[in-house]
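Here is the structure we will look at.
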Amino acid sequence: MKILSIFGTRPEAVKMAPLARMLAASPAVEASVCVTGQHRSMLRQVLELFNIEPEHDLDLMQPSQTLNGLGARLLGALDPVLDAVRPDRVLVHGDTTTAMVSAVAAFHRGIPVGHVEAGLRTQDMAQPWPEEMNRRVADAVSDLLFAPTAGAKANLLKENLGGRILVTGNTVIDALDLAVQHIAADARLRDWLDEQLPPPQAGRKLLVVTGHRRENFGAGFQQICAALAALARRADMQIVYPVHLNPNVQAPVLAALSNLPNVQLIEPLDYFLFVRLMQRAHVILSDSGGVQEEAPALGKPVLVMRDVTERPEAVAAGTVRLVGTDAARIEAEVARLYDDERAWAALRVARAGNPYGDGRACERIVAALLGRPLAEFAPQLR
Ligand code: UD1
Ligand code: UDP
């Protein structure tokens, strides 16, 4: 069976890397990878770490690319790849422009599509934008829907889509397990990672920050920066923020936070470095999808700078809290976790288990692709 995996951004690469590796190792599969290059350096960081050498690299990223510009370039560039590979199936991941356009490109040619991380929904087309539309389109044109959780499956069932649905867990936990196991097993790697990261500051507890949502550009980012500038005045606060390379993020963040002594603005980190940074965090403040899934698996409290999330499981379990993008609210919610040990511990330990995966999502997906049985994912204590 010829399977072509197509992805293009950092989070897709993190979440597809363990699957691409498993497919490549499967004798029943002729596996190949096409990267669109929607991201450039942030994608390359993941490919190098996981030793993935794509057979096709469309290298499409342009500075400050627009959604339509990127979409149009993608659609044109994918056709020759589909022609050359003639896959029996295409796999896409999640809700990026790469995922949506690649799914449509395969659909246009009658190639079956498997959608990994299917069924996530906020039910609000504006949040996250344009991802809520992207994932709906990818789900609609896919005949195999790999839902990470039972909740995602329930969303898909309500929409009466034609595809077969399988609850697999999220492959991000497979990737995270790999990173955590390497870091735990190798003291030299651990030391090296610690040397690369900003050193801990005495008497200060680490707040790790990431942010990049398009709907937060402009006013949202001004608010986030105002909250961070206010928090930076605390004597017990060390803020480390690997800043996303999108110019709409870089400009306001660098302008507002560059010269504060306990705020360290750094380049996007390699995945292992970022996992190590999360392990060292007291609190994580983020609008990222992947981080919402990883932090609970690491037992870290996450405050999510959004009003709604397509990942309600960790909110229900109590390890994730939505705090919106109002500066005063963000500042107050972070301060509460720093000032009130019990509030912090309650969010950290939360209720049982990891709702997003058991590290076997890739196995389930490969089994389904090959028509072999494997029990669906049921959240369990870890
Ligand atoms: C994209 C995805 C978003 C995903 C996010 C993960 C869409 C519409 N958006 O958003 O769903 O959550 O990736 O990070 O698919 N850039 C670089 N180097 C890089 C990466 C980006 O310079 O390695 C800059 C470029 O100027 C680029 C801009 O960031 O034009 C925007 O990249 P793009 O992929 O269009 O949007 P993201 O905000 O990264
Ligand atoms: N990540 C990383 N380096 C960083 C910040 C994040 O490797 O400096 C990882 C993070 O662990 C997660 C993924 O990138 O697996 C999330 O990507 P992002 O926040 O860009 O996108 P989203 O998940 O919101 O789509």
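To be explicit about the labels: the chains of the structure tokens are called A, B, and onward in the order shown, and within each one the residues are counted from 1, while ligands get numbers from 1 in the order they are shown.
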
Which parts of region 124-196 of chain A does DSSP call strand (DSSP E) when run on the backbone here, written out as an mmCIF file with N, CA and C atoms, in the first residue's frame?
```cif
data_model
loop_
_atom_site.group_PDB
_atom_site.id
_atom_site.type_symbol
_atom_site.label_atom_id
_atom_site.label_comp_id
_atom_site.auth_asym_id
_atom_site.auth_seq_id
_atom_site.Cartn_x
_atom_site.Cartn_y
_atom_site.Cartn_z
ATOM 1 N N LEU A 144 -11.209 8.141 6.180
ATOM 2 C CA LEU A 144 -10.756 7.573 7.453
ATOM 3 C C LEU A 144 -10.501 8.728 8.407
ATOM 4 N N LEU A 145 -11.215 8.712 9.537
ATOM 5 C CA LEU A 145 -11.147 9.828 10.490
ATOM 6 C C LEU A 145 -10.547 9.321 11.788
ATOM 7 N N PHE A 146 -9.304 9.736 12.062
ATOM 8 C CA PHE A 146 -8.615 9.285 13.269
ATOM 9 C C PHE A 146 -8.861 10.318 14.362
ATOM 10 N N ALA A 147 -9.868 10.034 15.186
ATOM 11 C CA ALA A 147 -10.251 10.975 16.243
ATOM 12 C C ALA A 147 -9.382 10.734 17.468
ATOM 13 N N ARG A 164 -15.092 6.564 8.023
ATOM 14 C CA ARG A 164 -15.054 5.641 9.163
ATOM 15 C C ARG A 164 -14.252 6.285 10.294
ATOM 16 N N ILE A 165 -14.796 6.236 11.512
ATOM 17 C CA ILE A 165 -14.160 6.939 12.635
ATOM 18 C C ILE A 165 -13.512 5.935 13.568
ATOM 19 N N LEU A 166 -12.279 6.245 13.987
ATOM 20 C CA LEU A 166 -11.590 5.392 14.956
ATOM 21 C C LEU A 166 -10.956 6.291 16.017
ATOM 22 N N VAL A 167 -11.195 5.979 17.296
ATOM 23 C CA VAL A 167 -10.576 6.773 18.368
ATOM 24 C C VAL A 167 -9.184 6.211 18.642
#
```

Throw together the list of residues within 8 Å of ligand 2, counting only C-alpha atoms and all ligand atoms, and drop it here as a tab-separated table (two decimals) with N, CA and C atoms, in the first residue's frame.
```
chain	number	residue	atom	x	y	z
A	9	THR	N	3.75	22.37	8.81
A	9	THR	CA	4.06	23.30	9.91
A	9	THR	C	4.67	22.53	11.08
A	10	ARG	N	5.20	23.30	12.05
A	10	ARG	CA	5.81	22.67	13.22
A	10	ARG	C	4.88	21.68	13.93
A	11	PRO	N	3.65	22.09	14.31
A	11	PRO	CA	2.85	21.13	15.08
A	11	PRO	C	2.48	19.88	14.29
A	12	GLU	N	2.22	20.05	12.98
A	12	GLU	CA	1.93	18.86	12.17
A	12	GLU	C	3.13	17.92	12.16
A	14	VAL	N	5.57	17.63	14.42
A	14	VAL	CA	5.73	16.94	15.71
A	14	VAL	C	4.77	15.75	15.79
A	15	LYS	N	3.53	15.98	15.36
A	15	LYS	CA	2.49	14.98	15.55
A	15	LYS	C	2.51	13.90	14.46
A	42	MET	N	11.04	26.37	11.38
A	42	MET	CA	10.35	25.68	12.48
A	42	MET	C	9.97	24.25	12.08
A	46	VAL	N	12.07	20.13	13.38
A	46	VAL	CA	11.42	18.87	13.77
A	46	VAL	C	11.91	17.73	12.87
A	95	ASP	N	-5.39	20.97	11.32
A	95	ASP	CA	-6.27	22.05	10.86
A	95	ASP	C	-5.54	23.22	10.24
A	96	THR	N	-4.35	22.95	9.69
A	96	THR	CA	-3.63	24.05	9.04
A	96	THR	C	-4.09	24.20	7.59
A	172	VAL	N	0.44	13.26	19.40
A	172	VAL	CA	1.36	14.16	20.13
A	172	VAL	C	1.89	13.46	21.38
A	176	LEU	N	5.65	13.01	22.45
A	176	LEU	CA	6.09	13.49	23.77
A	176	LEU	C	6.74	12.36	24.56
A	210	THR	N	3.96	30.72	25.23
A	210	THR	CA	3.96	30.69	23.76
A	210	THR	C	2.64	31.31	23.27
A	211	GLY	N	2.65	31.81	22.03
A	211	GLY	CA	1.42	32.39	21.50
A	211	GLY	C	1.54	32.69	20.02
A	212	HIS	N	0.51	32.40	19.26
A	212	HIS	CA	0.57	32.69	17.82
A	212	HIS	C	-0.77	32.74	17.12
A	213	ARG	N	-1.89	32.64	17.83
A	213	ARG	CA	-3.19	32.53	17.13
A	213	ARG	C	-3.50	33.78	16.32
A	242	PRO	N	9.72	31.52	24.01
A	242	PRO	CA	10.22	31.28	22.65
A	242	PRO	C	9.21	31.89	21.66
A	243	VAL	N	9.65	32.93	20.97
A	243	VAL	CA	8.69	33.73	20.19
A	243	VAL	C	8.50	33.14	18.79
A	244	HIS	N	7.25	32.86	18.46
A	244	HIS	CA	6.88	32.34	17.12
A	244	HIS	C	7.41	33.28	16.05
A	267	GLU	N	14.52	32.37	20.51
A	267	GLU	CA	14.09	31.78	19.23
A	267	GLU	C	13.20	30.57	19.52
A	268	PRO	N	12.34	30.17	18.55
A	268	PRO	CA	11.61	28.91	18.73
A	268	PRO	C	12.60	27.78	19.02
A	269	LEU	N	12.22	26.91	19.94
A	269	LEU	CA	13.14	25.86	20.40
A	269	LEU	C	12.92	24.56	19.64
A	270	ASP	N	13.99	23.78	19.50
A	270	ASP	CA	13.85	22.39	19.05
A	270	ASP	C	12.89	21.67	19.98
A	271	TYR	N	12.23	20.64	19.48
A	271	TYR	CA	11.19	19.99	20.28
A	271	TYR	C	11.71	19.49	21.63
A	272	PHE	N	12.88	18.82	21.64
A	272	PHE	CA	13.39	18.28	22.92
A	272	PHE	C	13.67	19.42	23.90
A	273	LEU	N	14.20	20.52	23.38
A	273	LEU	CA	14.48	21.67	24.26
A	273	LEU	C	13.19	22.24	24.83
A	274	PHE	N	12.17	22.30	23.98
A	274	PHE	CA	10.91	22.85	24.47
A	274	PHE	C	10.27	21.92	25.50
A	275	VAL	N	10.37	20.62	25.27
A	275	VAL	CA	9.83	19.67	26.26
A	275	VAL	C	10.58	19.84	27.58
A	286	SER	N	-0.29	29.90	27.36
A	286	SER	CA	-0.16	29.61	25.93
A	286	SER	C	-1.51	29.71	25.22
A	287	ASP	N	-1.46	29.91	23.90
A	287	ASP	CA	-2.69	29.74	23.12
A	287	ASP	C	-2.54	28.56	22.15
A	288	SER	N	-1.49	27.78	22.35
A	288	SER	CA	-1.17	26.69	21.41
A	288	SER	C	-2.06	25.48	21.62
A	289	GLY	N	-2.40	24.82	20.51
A	289	GLY	CA	-3.17	23.58	20.60
A	289	GLY	C	-2.35	22.46	21.20
A	290	GLY	N	-1.16	22.24	20.62
A	290	GLY	CA	-0.31	21.12	21.07
A	290	GLY	C	0.08	21.24	22.53
A	291	VAL	N	0.39	22.46	22.95
A	291	VAL	CA	0.83	22.65	24.34
A	291	VAL	C	-0.31	22.30	25.31
A	292	GLN	N	-1.55	22.57	24.91
A	292	GLN	CA	-2.70	22.19	25.77
A	292	GLN	C	-2.76	20.68	25.98
A	294	GLU	N	0.07	18.59	25.63
A	294	GLU	CA	1.33	18.09	26.21
A	294	GLU	C	1.44	18.40	27.70
```

Within 6 Å of region 305-320 of chain A, counting only C-alpha atoms, which residues qualify if same-chain residues fewer than 2 places away don't, as a PyMOL selection string? chain A and resi 120-122+286-287+296+301-303+323-325+347-348+350-351

Please dump the current selection as a PDB file, in the first residue's frame; keep N, CA, C and O atoms.
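The result, stored in part_13.pdb:
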```
ATOM      1  N   LEU A 120     -11.939  17.715  15.995  1.00  0.00           N
ATOM      2  CA  LEU A 120     -11.838  18.784  16.986  1.00  0.00           C
ATOM      3  C   LEU A 120     -12.751  19.931  16.559  1.00  0.00           C
ATOM      4  O   LEU A 120     -12.760  20.307  15.389  1.00  0.00           O
ATOM      5  N   ARG A 121     -13.486  20.476  17.487  1.00  0.00           N
ATOM      6  CA  ARG A 121     -14.430  21.549  17.161  1.00  0.00           C
ATOM      7  C   ARG A 121     -14.569  22.525  18.323  1.00  0.00           C
ATOM      8  O   ARG A 121     -14.612  22.117  19.467  1.00  0.00           O
ATOM      9  N   THR A 122     -14.683  23.830  17.974  1.00  0.00           N
ATOM     10  CA  THR A 122     -15.190  24.789  18.965  1.00  0.00           C
ATOM     11  C   THR A 122     -16.650  25.129  18.650  1.00  0.00           C
ATOM     12  O   THR A 122     -17.327  25.731  19.455  1.00  0.00           O
ATOM     13  N   SER A 286      -0.292  29.902  27.359  1.00  0.00           N
ATOM     14  CA  SER A 286      -0.158  29.611  25.933  1.00  0.00           C
ATOM     15  C   SER A 286      -1.507  29.710  25.223  1.00  0.00           C
ATOM     16  O   SER A 286      -2.558  29.621  25.866  1.00  0.00           O
ATOM     17  N   ASP A 287      -1.460  29.910  23.904  1.00  0.00           N
ATOM     18  CA  ASP A 287      -2.690  29.742  23.124  1.00  0.00           C
ATOM     19  C   ASP A 287      -2.541  28.565  22.150  1.00  0.00           C
ATOM     20  O   ASP A 287      -3.343  28.384  21.247  1.00  0.00           O
ATOM     21  N   PRO A 296      -0.694  18.797  30.233  1.00  0.00           N
ATOM     22  CA  PRO A 296      -1.330  17.896  31.200  1.00  0.00           C
ATOM     23  C   PRO A 296      -0.596  16.563  31.302  1.00  0.00           C
ATOM     24  O   PRO A 296      -0.500  15.979  32.381  1.00  0.00           O
ATOM     25  N   PRO A 301       0.408  22.886  35.086  1.00  0.00           N
ATOM     26  CA  PRO A 301      -0.794  23.708  34.910  1.00  0.00           C
ATOM     27  C   PRO A 301      -0.658  24.611  33.688  1.00  0.00           C
ATOM     28  O   PRO A 301       0.399  25.213  33.481  1.00  0.00           O
ATOM     29  N   VAL A 302      -1.727  24.686  32.903  1.00  0.00           N
ATOM     30  CA  VAL A 302      -1.707  25.547  31.713  1.00  0.00           C
ATOM     31  C   VAL A 302      -2.841  26.541  31.770  1.00  0.00           C
ATOM     32  O   VAL A 302      -4.003  26.150  31.969  1.00  0.00           O
ATOM     33  N   LEU A 303      -2.514  27.799  31.567  1.00  0.00           N
ATOM     34  CA  LEU A 303      -3.529  28.828  31.385  1.00  0.00           C
ATOM     35  C   LEU A 303      -3.581  29.124  29.895  1.00  0.00           C
ATOM     36  O   LEU A 303      -2.549  29.432  29.277  1.00  0.00           O
ATOM     37  N   VAL A 323      -8.309  31.503  30.050  1.00  0.00           N
ATOM     38  CA  VAL A 323      -8.237  32.810  30.707  1.00  0.00           C
ATOM     39  C   VAL A 323      -8.463  33.974  29.747  1.00  0.00           C
ATOM     40  O   VAL A 323      -8.331  35.138  30.145  1.00  0.00           O
ATOM     41  N   GLY A 324      -8.802  33.694  28.477  1.00  0.00           N
ATOM     42  CA  GLY A 324      -9.079  34.772  27.528  1.00  0.00           C
ATOM     43  C   GLY A 324      -7.839  35.589  27.206  1.00  0.00           C
ATOM     44  O   GLY A 324      -6.701  35.162  27.451  1.00  0.00           O
ATOM     45  N   THR A 325      -8.065  36.805  26.664  1.00  0.00           N
ATOM     46  CA  THR A 325      -6.916  37.629  26.275  1.00  0.00           C
ATOM     47  C   THR A 325      -6.989  39.032  26.895  1.00  0.00           C
ATOM     48  O   THR A 325      -6.358  39.962  26.403  1.00  0.00           O
ATOM     49  N   LEU A 347      -4.574  22.739  40.224  1.00  0.00           N
ATOM     50  CA  LEU A 347      -4.537  22.724  38.755  1.00  0.00           C
ATOM     51  C   LEU A 347      -3.487  21.728  38.258  1.00  0.00           C
ATOM     52  O   LEU A 347      -3.662  21.085  37.233  1.00  0.00           O
ATOM     53  N   ARG A 348      -2.403  21.600  39.035  1.00  0.00           N
ATOM     54  CA  ARG A 348      -1.316  20.736  38.594  1.00  0.00           C
ATOM     55  C   ARG A 348      -1.700  19.253  38.650  1.00  0.00           C
ATOM     56  O   ARG A 348      -1.505  18.508  37.705  1.00  0.00           O
ATOM     57  N   ALA A 350      -4.821  17.995  39.314  1.00  0.00           N
ATOM     58  CA  ALA A 350      -6.116  17.821  38.674  1.00  0.00           C
ATOM     59  C   ALA A 350      -6.666  16.400  38.809  1.00  0.00           C
ATOM     60  O   ALA A 350      -6.240  15.635  39.647  1.00  0.00           O
ATOM     61  N   ARG A 351      -7.627  16.126  37.948  1.00  0.00           N
ATOM     62  CA  ARG A 351      -8.249  14.805  38.033  1.00  0.00           C
ATOM     63  C   ARG A 351      -7.586  13.870  37.039  1.00  0.00           C
ATOM     64  O   ARG A 351      -7.409  14.190  35.879  1.00  0.00           O
TER      65      ARG A 351
END
```

Between CA of Gly71 (chain A) and CA of Phe50 (chain A) lies a distance of 26.8 Å

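Across the structure, CA of Gly151 (chain A) and CA of Ala106 (chain A) are spaced 27.0 Å apart.
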
Rank nothing, just name the residue among A:Pro80, A:Pro130, A:Gly169, A:Pro87 nearest to ligand 1, using only C-alpha atoms and all ligand atoms.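 Result for the nearest residue to ligand 1: A:Pro130.
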
Straight-line distance linking CA of Leu19 (chain A) with CA of His93 (chain A), stated in Å to one decimal:
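Computed distance, CA of Leu19 (chain A) to CA of His93 (chain A), equals 10.7 Å.
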
I'd like the neighbourhood of Met133 (chain A) as a JSON list (two decimals) with N, CA and C atoms, in the first residue's frame, where a residue qualifies if any of its atoms comes within 12 Å (using only C-alpha atoms), though same-chain residues fewer than 5 positions away should be ignored.
```json
[["chain", "number", "residue", "atom", "x", "y", "z"],
["A", 94, "GLY", "N", -4.59, 17.47, 11.25],
["A", 94, "GLY", "CA", -5.02, 18.67, 11.98],
["A", 94, "GLY", "C", -5.76, 19.69, 11.15],
["A", 95, "ASP", "N", -5.39, 20.97, 11.32],
["A", 95, "ASP", "CA", -6.27, 22.05, 10.86],
["A", 95, "ASP", "C", -5.54, 23.22, 10.24],
["A", 96, "THR", "N", -4.35, 22.95, 9.69],
["A", 96, "THR", "CA", -3.63, 24.05, 9.04],
["A", 96, "THR", "C", -4.09, 24.20, 7.59],
["A", 97, "THR", "N", -3.60, 25.27, 6.95],
["A", 97, "THR", "CA", -3.88, 25.44, 5.52],
["A", 97, "THR", "C", -3.30, 24.25, 4.74],
["A", 99, "ALA", "N", -3.03, 21.18, 5.75],
["A", 99, "ALA", "CA", -3.90, 20.01, 5.92],
["A", 99, "ALA", "C", -5.15, 20.12, 5.06],
["A", 100, "MET", "N", -5.78, 21.28, 5.10],
["A", 100, "MET", "CA", -7.04, 21.46, 4.37],
["A", 100, "MET", "C", -6.81, 21.36, 2.86],
["A", 101, "VAL", "N", -5.81, 22.10, 2.36],
["A", 101, "VAL", "CA", -5.59, 22.12, 0.91],
["A", 101, "VAL", "C", -5.10, 20.75, 0.42],
["A", 119, "GLY", "N", -12.05, 15.71, 14.02],
["A", 119, "GLY", "CA", -13.19, 15.88, 14.93],
["A", 119, "GLY", "C", -13.05, 16.95, 15.99],
["A", 120, "LEU", "N", -11.94, 17.71, 15.99],
["A", 120, "LEU", "CA", -11.84, 18.78, 16.99],
["A", 120, "LEU", "C", -12.75, 19.93, 16.56],
["A", 121, "ARG", "N", -13.49, 20.48, 17.49],
["A", 121, "ARG", "CA", -14.43, 21.55, 17.16],
["A", 121, "ARG", "C", -14.57, 22.53, 18.32],
["A", 122, "THR", "N", -14.68, 23.83, 17.97],
["A", 122, "THR", "CA", -15.19, 24.79, 18.96],
["A", 122, "THR", "C", -16.65, 25.13, 18.65],
["A", 123, "GLN", "N", -17.10, 24.81, 17.44],
["A", 123, "GLN", "CA", -18.40, 25.21, 16.89],
["A", 123, "GLN", "C", -18.45, 26.71, 16.63],
["A", 124, "ASP", "N", -17.29, 27.35, 16.51],
["A", 124, "ASP", "CA", -17.23, 28.79, 16.22],
["A", 124, "ASP", "C", -16.20, 29.02, 15.13],
["A", 125, "MET", "N", -16.68, 29.40, 13.93],
["A", 125, "MET", "CA", -15.79, 29.54, 12.78],
["A", 125, "MET", "C", -14.73, 30.63, 12.98],
["A", 126, "ALA", "N", -14.96, 31.53, 13.96],
["A", 126, "ALA", "CA", -14.01, 32.64, 14.17],
["A", 126, "ALA", "C", -12.91, 32.30, 15.17],
["A", 127, "GLN", "N", -13.04, 31.17, 15.85],
["A", 127, "GLN", "CA", -12.09, 30.83, 16.91],
["A", 127, "GLN", "C", -11.85, 29.35, 16.96],
["A", 128, "PRO", "N", -10.73, 28.81, 16.65],
["A", 128, "PRO", "CA", -9.62, 29.54, 16.06],
["A", 128, "PRO", "C", -9.84, 29.73, 14.56],
["A", 138, "ALA", "N", -11.30, 19.25, 5.96],
["A", 138, "ALA", "CA", -10.49, 18.02, 5.92],
["A", 138, "ALA", "C", -11.32, 16.82, 6.35],
["A", 139, "ASP", "N", -12.14, 16.98, 7.38],
["A", 139, "ASP", "CA", -12.99, 15.86, 7.83],
["A", 139, "ASP", "C", -14.00, 15.48, 6.74],
["A", 140, "ALA", "N", -14.55, 16.50, 6.08],
["A", 140, "ALA", "CA", -15.62, 16.23, 5.10],
["A", 140, "ALA", "C", -15.12, 15.42, 3.92]]
```

One residue among A:Gln238, A:Gln279, A:Thr149, A:Ser142 is nearest to Ile183 (chain A) when using only C-alpha atoms, and that residue is A:Gln279

Q) Looking at only C-alpha atoms, which of A:Leu228, A:Val263, A:Val29, A:Leu58 is the one that sits closest to Leu285 (chain A)? A)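 The closest residue to Leu285 (chain A) is A:Leu228.
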
Practice task
Taking the chain letters and numbering used in this document, name the residues of region 49-276 of chain A that DSSP puts in helix (DSSP H, G or I), as JSON, numbers by chain.
Solution key: {"A": [49, 67, 68, 69, 70, 71, 72, 73, 74, 75, 76, 77, 78, 79, 80, 81, 82, 83, 84, 85, 97, 98, 99, 100, 101, 102, 103, 104, 105, 106, 107, 108, 131, 132, 133, 134, 135, 136, 137, 138, 139, 140, 150, 151, 152, 153, 154, 155, 156, 157, 158, 171, 172, 173, 174, 175, 176, 177, 178, 179, 180, 181, 182, 183, 184, 185, 187, 188, 189, 190, 191, 192, 193, 194, 195, 196, 214, 215, 216, 219, 220, 221, 222, 223, 224, 225, 226, 227, 228, 229, 230, 231, 247, 248, 249, 250, 251, 252, 253, 254, 255, 256, 257, 271, 272, 273, 274, 275, 276]}

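The residue that comes closest to ligand 1, out of A:Pro63, A:Pro379, A:Gly357, A:Pro18 and on the basis of only C-alpha atoms and all ligand atoms, is A:Pro63.
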
Residue with the minimum atom-to-atom distance to ligand 1, picked from A:Tyr241, A:Trp192, A:Tyr338, A:Trp129 with only C-alpha atoms and all ligand atoms counted, is A:Trp129

| Polymer residues at most 12 Å from Arg21 (chain A), only C-alpha atoms, same-chain spacing of 5 or more positions, as a ChimeraX atom specification | /A:5,13-16,26,29-33,47,50-54,174-175,362-363,366

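Nearest-residue note for Asp143 (chain A): choosing from A:Glu333, A:Ala368, A:Asn354, A:Val240, the minimum distance belongs to A:Ala368, counting only C-alpha atoms.
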